[in-house]
file query-v7.txt (compact mmCIF, C-alpha atoms and all ligand atoms)
# COMPACT_ATOMS: atom_id res chain seq x y z
CA MET E 1 83.14 88.15 10.42
CA LYS E 2 85.07 85.72 12.57
CA GLN E 3 84.29 85.91 16.25
CA MET E 4 85.87 83.63 18.74
CA ARG E 5 85.95 84.51 22.37
CA THR E 6 89.34 83.87 23.89
CA GLU E 7 90.37 83.97 27.53
CA GLY E 8 90.62 87.37 29.17
CA GLN E 9 94.02 88.99 29.67
CA LEU E 10 95.53 88.87 33.16
CA ILE E 11 97.25 92.19 33.91
CA VAL E 12 99.61 92.47 36.87
CA LEU E 13 100.39 95.97 38.11
CA SER E 14 103.09 96.50 40.72
CA GLY E 15 104.79 99.58 42.08
CA PRO E 16 105.83 101.09 45.38
CA SER E 17 103.22 102.00 47.94
CA GLY E 18 102.23 105.64 47.40
CA VAL E 19 103.08 105.74 43.69
CA GLY E 20 99.42 106.37 42.85
CA LYS E 21 98.45 102.94 41.54
CA SER E 22 94.91 103.19 42.92
CA THR E 23 94.34 106.49 41.10
CA VAL E 24 95.73 105.12 37.85
CA ILE E 25 93.57 102.00 38.27
CA ALA E 26 90.44 104.12 38.93
CA GLU E 27 91.16 106.03 35.71
CA LEU E 28 91.65 102.78 33.76
CA LEU E 29 88.44 101.26 35.11
CA SER E 30 86.46 104.37 34.23
CA GLU E 31 87.68 104.07 30.64
CA HIS E 32 87.35 100.29 30.30
CA ASN E 33 84.07 99.21 31.80
CA ASP E 34 84.68 95.65 30.58
CA MET E 35 87.77 95.32 32.80
CA TYR E 36 87.58 93.61 36.19
CA PHE E 37 89.65 94.79 39.14
CA SER E 38 90.49 91.97 41.53
CA VAL E 39 89.70 93.10 45.08
CA SER E 40 92.40 91.57 47.28
CA PHE E 41 92.14 90.25 50.81
CA THR E 42 94.27 91.94 53.45
CA THR E 43 94.82 91.85 57.20
CA ARG E 44 95.73 95.55 57.39
CA GLN E 45 93.32 98.14 58.75
CA PRO E 46 91.24 100.19 56.30
CA ARG E 47 92.55 103.71 55.62
CA VAL E 48 90.25 106.70 55.74
CA GLY E 49 88.00 106.57 52.69
CA GLU E 50 88.52 102.86 52.04
CA ALA E 51 85.52 100.56 52.03
CA ASP E 52 85.32 96.82 52.66
CA GLY E 53 84.70 94.93 49.40
CA VAL E 54 85.69 97.95 47.28
CA ASN E 55 89.38 98.62 47.97
CA TYR E 56 90.02 95.37 49.82
CA HIS E 57 88.23 92.61 51.65
CA PHE E 58 89.44 93.33 55.18
CA VAL E 59 89.90 90.13 57.20
CA ASP E 60 91.79 89.07 60.32
CA ARG E 61 94.89 86.83 60.35
CA LYS E 62 92.87 83.75 61.30
CA GLN E 63 90.54 84.14 58.32
CA PHE E 64 93.49 84.81 56.01
CA GLU E 65 95.41 81.77 57.22
CA ALA E 66 92.31 79.62 56.67
CA MET E 67 92.23 80.82 53.02
CA ILE E 68 95.91 79.85 52.63
CA ALA E 69 95.24 76.41 54.15
CA ASN E 70 92.26 75.85 51.81
CA ASN E 71 94.26 76.85 48.69
CA GLU E 72 91.82 79.65 47.94
CA LEU E 73 94.50 82.13 46.90
CA LEU E 74 96.25 82.46 43.53
CA GLU E 75 99.08 84.15 45.43
CA TYR E 76 99.69 85.91 48.71
CA ALA E 77 102.52 87.74 50.42
CA GLU E 78 103.40 89.41 53.69
CA TYR E 79 104.07 93.09 53.19
CA VAL E 80 105.04 95.43 56.05
CA ASN E 81 103.63 92.98 58.66
CA HIS E 82 100.31 92.32 56.93
CA TYR E 83 99.03 89.63 54.63
CA TYR E 84 97.76 90.50 51.14
CA GLY E 85 96.32 87.92 48.73
CA THR E 86 94.34 87.33 45.53
CA SER E 87 91.28 85.09 45.35
CA LEU E 88 91.84 82.27 42.85
CA LYS E 89 88.20 81.41 42.07
CA VAL E 90 87.07 84.88 41.02
CA ILE E 91 90.06 85.36 38.74
CA GLN E 92 89.55 82.00 37.03
CA GLU E 93 85.86 82.68 36.42
CA LYS E 94 86.43 86.13 34.92
CA LEU E 95 89.29 85.05 32.66
CA ALA E 96 87.32 82.04 31.42
CA ALA E 97 84.43 84.39 30.59
CA GLY E 98 86.79 86.44 28.38
CA ILE E 99 87.05 89.35 30.84
CA ASP E 100 90.38 91.12 31.38
CA VAL E 101 91.45 91.04 35.02
CA LEU E 102 93.65 93.63 36.70
CA LEU E 103 95.73 92.75 39.79
CA ASP E 104 97.40 95.38 41.98
CA ILE E 105 100.00 93.29 43.80
CA GLU E 106 103.51 93.66 45.18
CA VAL E 107 106.61 92.02 43.74
CA GLN E 108 106.66 88.71 45.68
CA GLY E 109 103.07 88.00 44.68
CA ALA E 110 103.82 89.03 41.10
CA ALA E 111 106.71 86.52 41.01
CA LYS E 112 104.30 83.75 42.01
CA VAL E 113 101.81 84.80 39.31
CA ARG E 114 104.68 84.80 36.77
CA GLU E 115 105.29 81.11 37.55
CA LYS E 116 101.62 80.13 37.48
CA CYS E 117 100.35 82.37 34.65
CA PRO E 118 103.11 82.92 32.08
CA ASP E 119 100.67 84.63 29.68
CA ALA E 120 99.95 87.47 32.10
CA VAL E 121 101.32 90.92 31.25
CA PHE E 122 103.48 92.49 33.96
CA ILE E 123 103.62 96.27 34.36
CA PHE E 124 105.65 98.16 36.97
CA ILE E 125 104.73 101.75 37.88
CA ILE E 126 107.30 104.14 39.34
CA PRO E 127 107.11 107.77 40.50
CA PRO E 128 109.22 110.41 38.70
CA SER E 129 111.67 110.25 41.66
CA PHE E 130 112.11 108.87 45.17
CA GLU E 131 111.71 112.39 46.61
CA GLU E 132 108.32 112.60 44.92
CA LEU E 133 107.36 109.19 46.34
CA SER E 134 108.22 110.39 49.85
CA ARG E 135 106.13 113.55 49.28
CA ARG E 136 103.16 111.47 48.11
CA LEU E 137 103.37 109.14 51.11
CA HIS E 138 103.43 112.12 53.48
CA ARG E 139 100.56 113.81 51.64
CA ARG E 140 98.44 110.69 52.12
CA ASN E 141 98.61 111.58 55.81
CA SER E 142 97.26 108.26 57.04
CA ASP E 143 100.46 106.49 58.09
CA GLY E 144 102.95 107.37 60.82
CA GLU E 145 106.61 108.28 60.15
CA ASP E 146 107.81 104.75 60.96
CA VAL E 147 105.31 103.19 58.53
CA ILE E 148 106.33 105.66 55.80
CA ALA E 149 110.02 104.91 56.40
CA GLY E 150 109.23 101.17 56.12
CA ARG E 151 107.36 101.69 52.85
CA LEU E 152 110.22 103.76 51.37
CA GLN E 153 112.75 101.10 52.37
CA LYS E 154 110.49 98.45 50.87
CA ALA E 155 110.29 100.47 47.65
CA ARG E 156 114.10 100.39 47.33
CA THR E 157 114.15 96.58 47.44
CA GLU E 158 111.15 96.36 45.08
CA TYR E 159 113.07 98.34 42.45
CA HIS E 160 115.47 95.38 42.09
CA GLU E 161 112.57 93.38 40.59
CA ILE E 162 111.86 95.89 37.78
CA PRO E 163 113.86 93.92 35.13
CA HIS E 164 111.40 91.01 35.53
CA TYR E 165 108.50 93.18 34.34
CA ASP E 166 107.45 93.51 30.69
CA TYR E 167 106.68 97.24 30.87
CA LEU E 168 107.68 100.24 32.96
CA VAL E 169 105.31 103.21 33.36
CA VAL E 170 106.28 106.48 35.07
CA ASN E 171 103.35 107.97 36.94
CA ASP E 172 104.07 111.65 36.59
CA LYS E 173 100.60 112.49 35.31
CA VAL E 174 97.79 110.01 35.98
CA SER E 175 96.09 110.43 32.59
CA THR E 176 99.39 109.80 30.76
CA ALA E 177 100.17 106.71 32.86
CA ALA E 178 96.66 105.32 32.24
CA ALA E 179 96.96 106.05 28.51
CA GLU E 180 100.28 104.19 28.37
CA ILE E 181 98.73 101.17 30.07
CA THR E 182 95.83 101.27 27.61
CA SER E 183 98.37 101.22 24.76
CA ILE E 184 100.14 98.24 26.33
CA LEU E 185 96.85 96.35 26.53
CA THR E 186 96.03 97.16 22.92
CA ALA E 187 99.44 95.85 21.85
CA GLU E 188 98.97 92.67 23.90
CA ARG E 189 95.60 92.07 22.26
CA CYS E 190 97.27 92.34 18.83
CA ARG E 191 99.83 89.62 19.58
CA THR E 192 99.80 86.95 16.89
CA LYS E 193 99.05 84.21 19.41
CA HIS E 194 95.84 86.00 20.40
CA ARG E 195 94.72 86.56 16.81
CA LEU E 196 95.37 83.27 15.03
CA HIS E 197 91.63 82.57 14.87
CA TRP E 198 91.38 85.47 12.38
CA VAL E 199 93.77 83.80 9.95
CA ASP E 200 92.22 82.05 6.97
CA ASP E 201 93.59 78.74 5.72
CA VAL E 202 95.41 79.61 2.50
P1 LIG N 301 98.60 99.14 50.52
O1 LIG N 301 98.69 98.75 51.95
O2 LIG N 301 99.38 100.39 50.21
O3 LIG N 301 97.19 99.19 50.00
O4 LIG N 301 99.29 97.96 49.67
C1 LIG N 301 100.58 97.55 49.98
C2 LIG N 301 101.11 96.69 48.86
O5 LIG N 301 100.38 95.48 48.80
C3 LIG N 301 100.99 97.34 47.49
O6 LIG N 301 102.24 97.24 46.84
C4 LIG N 301 99.96 96.51 46.78
O7 LIG N 301 100.22 96.41 45.40
C5 LIG N 301 100.14 95.17 47.45
N1 LIG N 301 98.97 94.29 47.34
C6 LIG N 301 97.66 94.62 47.35
N2 LIG N 301 96.90 93.52 47.18
C7 LIG N 301 97.74 92.47 47.06
C8 LIG N 301 97.56 91.06 46.85
O8 LIG N 301 96.47 90.54 46.74
N3 LIG N 301 98.69 90.30 46.79
C9 LIG N 301 99.94 90.83 46.92
N4 LIG N 301 100.96 89.99 46.80
N5 LIG N 301 100.14 92.13 47.09
C10 LIG N 301 99.06 92.95 47.18
call {"tool": "encode", "arguments": {"input": "query-v7.txt", "output": "structure tokens"}}
result
Amino acid sequence: MKQMRTEGQLIVLSGPSGVGKSTVIAELLSEHNDMYFSVSFTTRQPRVGEADGVNYHFVDRKQFEAMIANNELLEYAEYVNHYYGTSLKVIQEKLAAGIDVLLDIEVQGAAKVREKCPDAVFIFIIPPSFEELSRRLHRRNSDGEDVIAGRLQKARTEYHEIPHYDYLVVNDKVSTAAAEITSILTAERCRTKHRLHWVDDV
């Protein structure tokens, strides 16, 4: 049987704040224990229940700006007054080892990854409606009204970027959204360009 390890698949997941990406990601990771979730760096404060090194690496602006200056980030963006960014080194190591890497990043960061990593697969997650998104943001109960209003406004501008994504998933039910993403990843793995090493010379 032919076995040739190829590079891992880079998977970029974007979607408005509050859509439930973290829950969908947790479901995906529980089903695919060979998948690596890239823990981003951020300058925002941890929310209740978030842990340093698990949800994010929480750093201050000075530390973040030093990472930018040292070219340590694959991409970064400012989102609602805070920096968010992806470590370059970790991603490179995992992909080279054949491990699939999942990024949860907003649209500006995704645009930068699209330029640098054209083979990545880009998936956008939306809620069933904007009303539902507002309900979910309020239910989260950790942000003030002004922050929620900012996130909803941001979501409206993010929707303009949807046509640049390869796939669109509606997160009505978490298990269905995760199953759709699993199907996308299966299809990506079956692409001819990823399977040519199986083809015999005839
Ligand atoms: P939150 O504050 O709700 O955790 O995240 C706000 C937004 O930042 C989300 O849309 C999330 O996808 C995005 N985000 C998280 N990590 C990164 C990152 O490393 N880079 C970029 N560009 N966006 C990120």
call {"tool": "residues_around", "arguments": {"input": "query-v7.txt", "residues": "Lys112 of chain E", "least_positions_apart": "2", "cutoff": "10 Å", "atoms": "all atoms listed in the file", "output": "list in words"}}
result
Leu74, Glu75, Tyr76, Ala77, Val107, Gln108, Gly109, Ala110, Arg114, Glu115, Lys116 and Cys117 of chain E
call {"tool": "write_last_selection", "arguments": {"input": "query-v7.txt", "atoms": "C-alpha atoms", "output": "PDB file, in the frame of the given file"}}
result
ATOM      1  CA  LEU E  74      96.250  82.460  43.530  1.00  0.00           C
ATOM      2  CA  GLU E  75      99.080  84.150  45.430  1.00  0.00           C
ATOM      3  CA  TYR E  76      99.690  85.910  48.710  1.00  0.00           C
ATOM      4  CA  ALA E  77     102.520  87.740  50.420  1.00  0.00           C
ATOM      5  CA  VAL E 107     106.610  92.020  43.740  1.00  0.00           C
ATOM      6  CA  GLN E 108     106.660  88.710  45.680  1.00  0.00           C
ATOM      7  CA  GLY E 109     103.070  88.000  44.680  1.00  0.00           C
ATOM      8  CA  ALA E 110     103.820  89.030  41.100  1.00  0.00           C
ATOM      9  CA  ARG E 114     104.680  84.800  36.770  1.00  0.00           C
ATOM     10  CA  GLU E 115     105.290  81.110  37.550  1.00  0.00           C
ATOM     11  CA  LYS E 116     101.620  80.130  37.480  1.00  0.00           C
ATOM     12  CA  CYS E 117     100.350  82.370  34.650  1.00  0.00           C
TER      13      CYS E 117
END
call {"tool": "atom_distance", "arguments": {"input": "query-v7.txt", "atom1": "atom CA of Arg195 of chain E", "atom2": "atom CA of Ala120 of chain E"}}
result
16.2 Å
call {"tool": "residues_around", "arguments": {"input": "query-v7.txt", "residues": "Lys154 of chain E", "least_positions_apart": "3", "cutoff": "10 Å", "atoms": "all atoms listed in the file", "output": "PyMOL selection string"}}
result
chain E and resi 16-17+79-80+148-151+157-159
call {"tool": "closest_residue", "arguments": {"input": "query-v7.txt", "among": "E:His160, E:His197, E:Arg44, E:His32", "to": "ligand LIG 301 (chain N)", "atoms": "only C-alpha atoms and all ligand atoms"}}
result
E:Arg44
call {"tool": "atom_distance", "arguments": {"input": "query-v7.txt", "atom1": "atom CA of Ser183 of chain E", "atom2": "atom CA of Arg135 of chain E"}}
result
28.5 Å
call {"tool": "axis_aligned_box", "arguments": {"input": "query-v7.txt", "around": "segment 146-158 of chain E", "padding_each_side": "4 Å", "output": "lines of an AutoDock Vina configuration file"}}
result
center_x = 109.7
center_y = 101.0
center_z = 53.0
size_x = 16.8
size_y = 17.3
size_z = 23.9
call {"tool": "decode", "arguments": {"input": "query-v7.txt", "residues": "segment 97-124 of chain E", "atoms": "N, CA, C and O atoms", "output": "PDB file, in the first residue's frame"}}
result
ATOM      1  N   ALA E  97       4.618  18.509   9.789  1.00  0.00           N
ATOM      2  CA  ALA E  97       4.521  17.165  10.375  1.00  0.00           C
ATOM      3  C   ALA E  97       3.280  16.416   9.870  1.00  0.00           C
ATOM      4  O   ALA E  97       2.978  15.319  10.339  1.00  0.00           O
ATOM      5  N   GLY E  98       2.539  17.024   8.945  1.00  0.00           N
ATOM      6  CA  GLY E  98       1.377  16.349   8.364  1.00  0.00           C
ATOM      7  C   GLY E  98       0.107  16.510   9.186  1.00  0.00           C
ATOM      8  O   GLY E  98      -0.886  15.815   8.954  1.00  0.00           O
ATOM      9  N   ILE E  99       0.132  17.448  10.134  1.00  0.00           N
ATOM     10  CA  ILE E  99      -1.029  17.637  11.027  1.00  0.00           C
ATOM     11  C   ILE E  99      -1.915  18.767  10.491  1.00  0.00           C
ATOM     12  O   ILE E  99      -1.417  19.833  10.111  1.00  0.00           O
ATOM     13  N   ASP E 100      -3.226  18.517  10.454  1.00  0.00           N
ATOM     14  CA  ASP E 100      -4.162  19.562  10.031  1.00  0.00           C
ATOM     15  C   ASP E 100      -4.265  20.632  11.117  1.00  0.00           C
ATOM     16  O   ASP E 100      -4.341  20.313  12.304  1.00  0.00           O
ATOM     17  N   VAL E 101      -4.264  21.890  10.687  1.00  0.00           N
ATOM     18  CA  VAL E 101      -4.277  23.007  11.636  1.00  0.00           C
ATOM     19  C   VAL E 101      -5.511  23.879  11.396  1.00  0.00           C
ATOM     20  O   VAL E 101      -5.800  24.272  10.272  1.00  0.00           O
ATOM     21  N   LEU E 102      -6.213  24.150  12.495  1.00  0.00           N
ATOM     22  CA  LEU E 102      -7.444  24.933  12.427  1.00  0.00           C
ATOM     23  C   LEU E 102      -7.212  26.330  12.996  1.00  0.00           C
ATOM     24  O   LEU E 102      -6.727  26.475  14.119  1.00  0.00           O
ATOM     25  N   LEU E 103      -7.540  27.360  12.211  1.00  0.00           N
ATOM     26  CA  LEU E 103      -7.424  28.747  12.687  1.00  0.00           C
ATOM     27  C   LEU E 103      -8.817  29.342  12.838  1.00  0.00           C
ATOM     28  O   LEU E 103      -9.632  29.218  11.916  1.00  0.00           O
ATOM     29  N   ASP E 104      -9.068  30.001  13.972  1.00  0.00           N
ATOM     30  CA  ASP E 104     -10.316  30.743  14.168  1.00  0.00           C
ATOM     31  C   ASP E 104      -9.936  32.207  14.090  1.00  0.00           C
ATOM     32  O   ASP E 104      -9.445  32.771  15.073  1.00  0.00           O
ATOM     33  N   ILE E 105     -10.088  32.819  12.923  1.00  0.00           N
ATOM     34  CA  ILE E 105      -9.626  34.206  12.761  1.00  0.00           C
ATOM     35  C   ILE E 105     -10.667  35.038  12.022  1.00  0.00           C
ATOM     36  O   ILE E 105     -11.506  34.506  11.299  1.00  0.00           O
ATOM     37  N   GLU E 106     -10.595  36.367  12.224  1.00  0.00           N
ATOM     38  CA  GLU E 106     -11.562  37.241  11.569  1.00  0.00           C
ATOM     39  C   GLU E 106     -11.130  37.531  10.119  1.00  0.00           C
ATOM     40  O   GLU E 106     -10.082  37.059   9.659  1.00  0.00           O
ATOM     41  N   VAL E 107     -11.957  38.299   9.415  1.00  0.00           N
ATOM     42  CA  VAL E 107     -11.816  38.392   7.960  1.00  0.00           C
ATOM     43  C   VAL E 107     -10.536  39.080   7.456  1.00  0.00           C
ATOM     44  O   VAL E 107     -10.009  38.695   6.415  1.00  0.00           O
ATOM     45  N   GLN E 108     -10.038  40.083   8.200  1.00  0.00           N
ATOM     46  CA  GLN E 108      -8.805  40.746   7.717  1.00  0.00           C
ATOM     47  C   GLN E 108      -7.628  39.781   7.784  1.00  0.00           C
ATOM     48  O   GLN E 108      -6.803  39.716   6.876  1.00  0.00           O
ATOM     49  N   GLY E 109      -7.561  39.043   8.895  1.00  0.00           N
ATOM     50  CA  GLY E 109      -6.505  38.040   9.059  1.00  0.00           C
ATOM     51  C   GLY E 109      -6.631  36.945   8.014  1.00  0.00           C
ATOM     52  O   GLY E 109      -5.636  36.502   7.425  1.00  0.00           O
ATOM     53  N   ALA E 110      -7.883  36.534   7.747  1.00  0.00           N
ATOM     54  CA  ALA E 110      -8.107  35.479   6.751  1.00  0.00           C
ATOM     55  C   ALA E 110      -7.627  35.944   5.372  1.00  0.00           C
ATOM     56  O   ALA E 110      -7.046  35.161   4.609  1.00  0.00           O
ATOM     57  N   ALA E 111      -7.827  37.234   5.064  1.00  0.00           N
ATOM     58  CA  ALA E 111      -7.383  37.763   3.763  1.00  0.00           C
ATOM     59  C   ALA E 111      -5.863  37.668   3.643  1.00  0.00           C
ATOM     60  O   ALA E 111      -5.327  37.340   2.576  1.00  0.00           O
ATOM     61  N   LYS E 112      -5.172  37.903   4.760  1.00  0.00           N
ATOM     62  CA  LYS E 112      -3.705  37.805   4.723  1.00  0.00           C
ATOM     63  C   LYS E 112      -3.274  36.352   4.532  1.00  0.00           C
ATOM     64  O   LYS E 112      -2.337  36.057   3.790  1.00  0.00           O
ATOM     65  N   VAL E 113      -3.964  35.431   5.198  1.00  0.00           N
ATOM     66  CA  VAL E 113      -3.631  34.005   5.047  1.00  0.00           C
ATOM     67  C   VAL E 113      -3.901  33.557   3.601  1.00  0.00           C
ATOM     68  O   VAL E 113      -3.146  32.781   3.030  1.00  0.00           O
ATOM     69  N   ARG E 114      -4.963  34.097   2.991  1.00  0.00           N
ATOM     70  CA  ARG E 114      -5.295  33.749   1.602  1.00  0.00           C
ATOM     71  C   ARG E 114      -4.143  34.102   0.671  1.00  0.00           C
ATOM     72  O   ARG E 114      -3.840  33.372  -0.259  1.00  0.00           O
ATOM     73  N   GLU E 115      -3.491  35.243   0.937  1.00  0.00           N
ATOM     74  CA  GLU E 115      -2.339  35.652   0.108  1.00  0.00           C
ATOM     75  C   GLU E 115      -1.141  34.740   0.337  1.00  0.00           C
ATOM     76  O   GLU E 115      -0.462  34.341  -0.590  1.00  0.00           O
ATOM     77  N   LYS E 116      -0.898  34.425   1.622  1.00  0.00           N
ATOM     78  CA  LYS E 116       0.319  33.681   1.964  1.00  0.00           C
ATOM     79  C   LYS E 116       0.171  32.183   1.781  1.00  0.00           C
ATOM     80  O   LYS E 116       1.160  31.494   1.523  1.00  0.00           O
ATOM     81  N   CYS E 117      -1.027  31.650   1.974  1.00  0.00           N
ATOM     82  CA  CYS E 117      -1.253  30.196   1.951  1.00  0.00           C
ATOM     83  C   CYS E 117      -2.426  29.878   1.030  1.00  0.00           C
ATOM     84  O   CYS E 117      -3.540  29.609   1.510  1.00  0.00           O
ATOM     85  N   PRO E 118      -2.217  29.911  -0.285  1.00  0.00           N
ATOM     86  CA  PRO E 118      -3.339  29.714  -1.204  1.00  0.00           C
ATOM     87  C   PRO E 118      -3.978  28.321  -1.120  1.00  0.00           C
ATOM     88  O   PRO E 118      -5.111  28.130  -1.565  1.00  0.00           O
ATOM     89  N   ASP E 119      -3.278  27.355  -0.529  1.00  0.00           N
ATOM     90  CA  ASP E 119      -3.836  26.003  -0.429  1.00  0.00           C
ATOM     91  C   ASP E 119      -4.723  25.797   0.798  1.00  0.00           C
ATOM     92  O   ASP E 119      -5.273  24.717   0.993  1.00  0.00           O
ATOM     93  N   ALA E 120      -4.838  26.835   1.628  1.00  0.00           N
ATOM     94  CA  ALA E 120      -5.698  26.700   2.813  1.00  0.00           C
ATOM     95  C   ALA E 120      -7.159  26.619   2.367  1.00  0.00           C
ATOM     96  O   ALA E 120      -7.507  27.087   1.280  1.00  0.00           O
ATOM     97  N   VAL E 121      -7.999  26.009   3.208  1.00  0.00           N
ATOM     98  CA  VAL E 121      -9.431  25.979   2.895  1.00  0.00           C
ATOM     99  C   VAL E 121     -10.125  26.979   3.819  1.00  0.00           C
ATOM    100  O   VAL E 121      -9.847  27.034   5.018  1.00  0.00           O
ATOM    101  N   PHE E 122     -10.994  27.806   3.219  1.00  0.00           N
ATOM    102  CA  PHE E 122     -11.604  28.928   3.932  1.00  0.00           C
ATOM    103  C   PHE E 122     -13.095  28.683   4.145  1.00  0.00           C
ATOM    104  O   PHE E 122     -13.842  28.516   3.170  1.00  0.00           O
ATOM    105  N   ILE E 123     -13.496  28.663   5.405  1.00  0.00           N
ATOM    106  CA  ILE E 123     -14.891  28.352   5.752  1.00  0.00           C
ATOM    107  C   ILE E 123     -15.458  29.507   6.578  1.00  0.00           C
ATOM    108  O   ILE E 123     -14.823  29.947   7.540  1.00  0.00           O
ATOM    109  N   PHE E 124     -16.634  29.989   6.197  1.00  0.00           N
ATOM    110  CA  PHE E 124     -17.288  31.070   6.950  1.00  0.00           C
ATOM    111  C   PHE E 124     -18.517  30.495   7.634  1.00  0.00           C
ATOM    112  O   PHE E 124     -19.302  29.779   7.011  1.00  0.00           O
TER     113      PHE E 124
END
